[in-house]
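Visitor: Sharing target_36.txt, compact mmCIF, C-alpha atoms:
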# COMPACT_ATOMS: atom_id res chain seq x y z
CA MET A 30 -5.90 34.96 -15.74
CA GLN A 31 -3.58 36.71 -13.31
CA ARG A 32 -5.80 35.67 -10.39
CA VAL A 33 -5.63 32.03 -11.49
CA ILE A 34 -1.86 32.14 -11.75
CA ARG A 35 -1.43 33.99 -8.44
CA TYR A 36 -3.83 31.85 -6.41
CA GLY A 37 -2.99 28.59 -8.19
CA LEU A 38 0.71 29.11 -7.56
CA SER A 39 0.15 29.93 -3.89
CA ILE A 40 -2.02 26.83 -3.41
CA LEU A 41 0.57 24.65 -5.15
CA ILE A 42 3.36 26.00 -2.96
CA THR A 43 1.29 25.52 0.20
CA LEU A 44 0.47 21.90 -0.66
CA SER A 45 4.05 21.06 -1.53
CA LEU A 46 5.37 22.56 1.71
CA CYS A 47 2.92 20.77 3.99
CA GLY A 48 3.58 17.37 2.42
CA CYS A 49 -0.10 16.79 1.68
CA VAL A 50 0.40 15.75 -1.92
CA SER A 51 0.67 12.00 -2.38
CA TYR A 52 2.91 10.43 -4.96
CA THR A 53 2.00 7.17 -6.66
CA GLU A 54 4.30 4.83 -8.51
CA THR A 55 3.97 1.25 -9.80
CA GLU A 56 6.46 -1.55 -9.10
CA SER A 57 6.43 -5.23 -10.01
CA ILE A 58 6.85 -7.59 -7.03
CA CYS A 59 6.61 -11.33 -6.32
CA LYS A 60 7.92 -12.03 -9.82
CA GLY A 61 8.52 -15.72 -9.03
CA THR A 62 4.81 -16.22 -8.38
CA GLU A 63 2.90 -16.54 -11.66
CA GLU A 64 3.29 -13.19 -13.47
CA GLY A 65 3.86 -11.28 -10.25
CA ILE A 66 1.92 -8.42 -8.69
CA LEU A 67 1.80 -4.76 -9.70
CA LEU A 68 2.39 -2.73 -6.55
CA HIS A 69 1.13 0.83 -6.16
CA ILE A 70 2.60 2.78 -3.25
CA ASP A 71 1.04 6.04 -2.19
CA GLY A 72 0.65 8.26 0.80
CA SER A 73 2.99 10.31 2.91
CA TYR A 74 5.04 9.71 6.03
CA ALA A 75 5.63 12.76 8.21
CA GLY A 76 7.35 14.82 5.54
CA TYR A 77 9.91 12.17 4.53
CA PRO A 78 10.66 11.91 0.80
CA HIS A 79 8.51 9.37 -1.03
CA SER A 80 11.62 7.42 -2.03
CA VAL A 81 12.28 6.56 1.63
CA LEU A 82 8.70 5.34 2.07
CA ARG A 83 8.89 3.39 -1.19
CA HIS A 84 12.11 1.69 -0.07
CA ALA A 85 10.54 0.63 3.25
CA VAL A 86 7.46 -0.81 1.50
CA LEU A 87 9.47 -2.70 -1.13
CA GLN A 88 11.62 -4.31 1.57
CA SER A 89 8.70 -5.50 3.67
CA VAL A 90 5.80 -6.58 1.44
CA ALA A 91 5.12 -10.32 1.87
CA CYS A 92 4.36 -12.54 -1.12
CA PRO A 93 2.09 -15.61 -1.03
CA VAL A 94 4.11 -18.63 0.11
CA GLY A 95 1.90 -21.36 1.61
CA GLU A 96 0.17 -24.00 -0.47
CA THR A 97 -3.33 -22.57 0.04
CA GLU A 98 -2.05 -19.00 -0.41
CA LEU A 99 -0.51 -19.96 -3.75
CA GLN A 100 -3.67 -21.84 -4.75
CA ALA A 101 -5.78 -18.76 -3.98
CA PHE A 102 -3.31 -16.49 -5.77
CA HIS A 103 -3.32 -18.75 -8.83
CA THR A 104 -7.04 -18.06 -9.36
CA ILE A 105 -6.43 -14.29 -9.64
CA ALA A 106 -2.93 -14.30 -11.16
CA VAL A 107 -3.78 -13.66 -14.82
CA PRO A 108 -3.64 -10.81 -15.63
CA PRO A 109 -1.30 -9.78 -12.80
CA PRO A 110 -3.27 -8.43 -9.83
CA HIS A 111 -2.71 -4.97 -8.40
CA MET A 112 -1.81 -4.39 -4.77
CA ARG A 113 -2.14 -0.92 -3.34
CA VAL A 114 -0.24 0.03 -0.19
CA SER A 115 -1.34 3.35 1.21
CA ILE A 116 0.35 4.90 4.23
CA LYS A 117 -0.78 8.03 6.01
CA ARG A 118 1.39 9.37 8.81
CA PRO A 119 0.87 13.07 9.58
CA ALA A 120 3.82 15.20 10.58
CA GLY A 121 4.23 15.89 14.27
CA GLN A 122 5.51 13.85 17.16
CA GLY A 123 2.91 11.58 18.72
CA ARG A 124 0.52 11.68 15.75
CA LEU A 125 -0.93 8.31 14.77
CA GLY A 126 -0.92 6.99 11.25
CA SER A 127 -2.62 4.24 9.29
CA LEU A 128 -1.76 1.63 6.73
CA SER A 129 -4.02 -0.05 4.22
CA VAL A 130 -3.23 -2.86 1.79
CA THR A 131 -5.76 -3.62 -0.92
CA LEU A 132 -5.65 -6.32 -3.59
CA PHE A 133 -7.47 -5.96 -6.93
CA SER A 134 -7.81 -8.49 -9.73
CA GLN A 135 -9.29 -7.87 -13.16
CA GLY A 136 -10.37 -4.42 -11.99
CA ARG A 137 -12.34 -5.79 -9.03
CA PHE A 138 -11.71 -5.58 -5.31
CA VAL A 139 -10.52 -8.90 -3.89
CA ILE A 140 -9.46 -8.30 -0.29
CA GLY A 141 -8.00 -5.60 1.92
CA GLU A 142 -6.34 -5.06 5.29
CA ARG A 143 -6.28 -1.85 7.27
CA MET A 144 -4.49 -1.13 10.52
CA ALA A 145 -3.14 1.67 12.66
CA LEU A 146 0.60 2.08 12.69
CA THR A 147 2.30 0.91 15.86
CA SER A 148 3.22 3.45 18.49
CA PHE A 149 6.91 2.94 17.64
CA SER A 150 6.31 4.68 14.30
CA ARG A 151 5.32 7.96 15.98
CA THR A 152 8.87 9.21 16.33
CA GLN A 153 10.79 7.10 13.84
CA SER A 154 11.60 7.04 10.14
CA PRO A 155 9.57 5.03 7.59
CA SER A 156 11.87 2.03 8.11
CA SER A 157 10.22 1.58 11.52
CA ILE A 158 6.96 0.46 9.89
CA LYS A 159 8.43 -2.44 7.93
CA GLY A 160 6.98 -4.84 10.50
CA ASP A 161 3.54 -3.23 10.17
CA ILE A 162 3.62 -3.55 6.38
CA ASN A 163 4.79 -7.15 6.55
CA LEU A 164 2.10 -8.04 9.12
CA ALA A 165 -0.66 -6.45 7.02
CA THR A 166 0.41 -8.28 3.84
CA VAL A 167 0.86 -11.62 5.65
CA ASN A 168 -2.65 -11.21 7.11
CA LEU A 169 -3.99 -10.38 3.64
CA TRP A 170 -2.57 -13.61 2.15
CA ASN A 171 -3.76 -15.66 5.15
CA ASP A 172 -7.28 -14.24 4.83
CA LEU A 173 -7.29 -14.92 1.10
CA ALA A 174 -6.14 -18.51 1.70
CA SER A 175 -8.89 -19.02 4.27
CA ARG A 176 -11.43 -18.44 1.50
CA ILE A 177 -10.11 -21.62 -0.16
CA THR A 178 -10.37 -23.68 3.03
CA HIS A 179 -13.93 -22.42 3.66
CA ASN A 180 -15.01 -23.01 0.03
CA LYS A 181 -15.75 -19.32 -0.54
CA PRO A 182 -15.15 -17.50 -3.84
CA ILE A 183 -11.76 -15.78 -4.13
CA ILE A 184 -13.24 -12.73 -5.82
CA PRO A 185 -16.43 -11.75 -3.95
Could you render the structure as structure tokens?

Guide:
Amino acid sequence: MQRVIRYGLSILITLSLCGCVSYTETESICKGTEEGILLHIDGSYAGYPHSVLRHAVLQSVACPVGETELQAFHTIAVPPPHMRVSIKRPAGQGRLGSLSVTLFSQGRFVIGERMALTSFSRTQSPSSIKGDINLATVNLWNDLASRITHNKPIIP
């Protein structure tokens, strides 16, 4: 029992100091569109507190706005879909990071976007990736809308 406590505590301290532990939280966004979207934000950004990352994501996520985007969203809107934004940016100047945005409806994968963070984010705070987050979510809605125009199913 003492070994478990000693080694478990040392592992926990090590993980918390290196910033490797992700924190996940759920928010409701796009409330004016049907019943909205449940947003899950996880990941880490170079040792910054999760609240700073969360603030950047909440300020930059795009909601469906065009006619075909709203038409596509309407087919998956009940119950509210889940969007997961995951950001990985290791600590250290010059280290690249990645961003992924995934949309789920009724427990099934619908569509996702993944991209590398821009080079500007290498030395800046999480607020520097607002454009990346917005671009990824705009692309996600555009790609979803293109399924309508090409007569493809919204949920594959």

Visitor: For segment 87-89 of chain A, list every protein, DNA or RNA residue within 9 Å, evaluated using only C-alpha atoms, and leave out those in the same chain fewer than 4 positions away; present the list as a list in words.

Guide: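 My list of contacting residues is Glu56, Ile58, Leu68, Leu82, Arg83, Ile158, Lys159, Gly160, Asp161, Ile162, Asn163, Leu164 and Thr166 of chain A.
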
Visitor: One number please: atom CA of Gly121 of chain A to atom CA of Val86 of chain A, in Å, one decimal.

Guide: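 Answer for the atom CA of Gly121 of chain A to atom CA of Val86 of chain A separation: 21.3 Å.
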
Visitor: Show me, as a list in words, the residues that have an atom within 8 Å of Gly65 of chain A when counting all atoms listed in the file, minus same-chain residues fewer than 6 positions from it.

Guide: Ser57, Ile58, Cys59, Ala106, Pro109 and Pro110 of chain A

Visitor: Would you write out those residues with C-alpha atoms, as a PDB file, in the coordinates of the input?

Guide:
ATOM      1  CA  SER A  57       6.430  -5.230 -10.010  1.00  0.00           C
ATOM      2  CA  ILE A  58       6.850  -7.590  -7.030  1.00  0.00           C
ATOM      3  CA  CYS A  59       6.610 -11.330  -6.320  1.00  0.00           C
ATOM      4  CA  ALA A 106      -2.930 -14.300 -11.160  1.00  0.00           C
ATOM      5  CA  PRO A 109      -1.300  -9.780 -12.800  1.00  0.00           C
ATOM      6  CA  PRO A 110      -3.270  -8.430  -9.830  1.00  0.00           C
TER       7      PRO A 110
END

Visitor: Check the smallest atom-to-atom distance from each of A:Gln122, A:Ser129, A:Ser157, A:Thr104 to Ala145 of chain A using all atoms listed in the file, then report the winner.

Guide: A:Ser129

Visitor: Set the distance at 9 Å and use all atoms listed in the file: which residues neighbour segment 172-182 of chain A once local chain neighbours fewer than 2 positions away are removed? I'd like the list as a CSV table (one decimal) with C-alpha atoms, keeping the file's coordinate frame.

Guide:
chain,number,residue,atom,x,y,z
A,95,GLY,CA,1.9,-21.4,1.6
A,96,GLU,CA,0.2,-24.0,-0.5
A,97,THR,CA,-3.3,-22.6,0.0
A,98,GLU,CA,-2.0,-19.0,-0.4
A,99,LEU,CA,-0.5,-20.0,-3.8
A,100,GLN,CA,-3.7,-21.8,-4.8
A,101,ALA,CA,-5.8,-18.8,-4.0
A,102,PHE,CA,-3.3,-16.5,-5.8
A,139,VAL,CA,-10.5,-8.9,-3.9
A,140,ILE,CA,-9.5,-8.3,-0.3
A,167,VAL,CA,0.9,-11.6,5.6
A,168,ASN,CA,-2.6,-11.2,7.1
A,169,LEU,CA,-4.0,-10.4,3.6
A,170,TRP,CA,-2.6,-13.6,2.2
A,184,ILE,CA,-13.2,-12.7,-5.8
A,185,PRO,CA,-16.4,-11.8,-4.0

Visitor: Suppose you want the space between atom CA of Ser150 of chain A and atom CA of Val94 of chain A; what is it in Å?

Guide: 27.4 Å

Visitor: I need the residue nearest Gly126 of chain A from this list: A:Asn171, A:Thr62, A:Ser148, A:Thr55. Use all atoms listed in the file for the distance.

Guide: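 Of A:Asn171, A:Thr62, A:Ser148, A:Thr55, the one nearest Gly126 of chain A is A:Ser148, counting all atoms listed in the file.
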
Visitor: So how far away is atom CA of Asp71 of chain A from atom CA of Ala120 of chain A, in Å?

Guide: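 Atom-to-atom, atom CA of Ala120 of chain A to atom CA of Asp71 of chain A, that is 16.0 Å.
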
Visitor: May I have the protein, DNA and RNA residues with an atom at most 8 Å from (-7.0, -0.3, 4.5), counting all atoms listed in the file in the file's coordinates, returned as an MDAnalysis selection string?

Guide: chainID A and resid 115 127:131 141:144

Visitor: Counting all atoms listed in the file, which of A:Arg151, A:His79, A:His84, A:Lys60 gets nearest to Pro119 of chain A?

Guide: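 Using all atoms listed in the file, Pro119 of chain A sits closest to A:Arg151.
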
Visitor: Neighbouring residues of Val107 of chain A were defined as those with any atom within 12 Å, considering all atoms listed in the file; residues of the same chain fewer than 4 positions away were excluded. Please report them as number ranges by chain.

Guide: A: 62-67, 102-103, 111, 133-136

Visitor: May I ask which of the residues A:Ile70, A:Arg124, A:Thr152, A:Ile105 is the closest one to Ala85 of chain A, counting all atoms listed in the file?

Guide: A:Ile70

Visitor: Using all atoms listed in the file for the distances, tell me which of A:Val81, A:Leu132, A:Arg118, A:His69 is nearest to Thr147 of chain A.

Guide: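 Selected residue with least distance to Thr147 of chain A: A:Arg118.
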
Visitor: Out of A:Ile116, A:Arg137, A:Pro108, A:Gln153, which residue has the shortest atom-to-atom distance to Tyr74 of chain A when counting all atoms listed in the file?

Guide: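 Result for the nearest residue to Tyr74 of chain A: A:Ile116.
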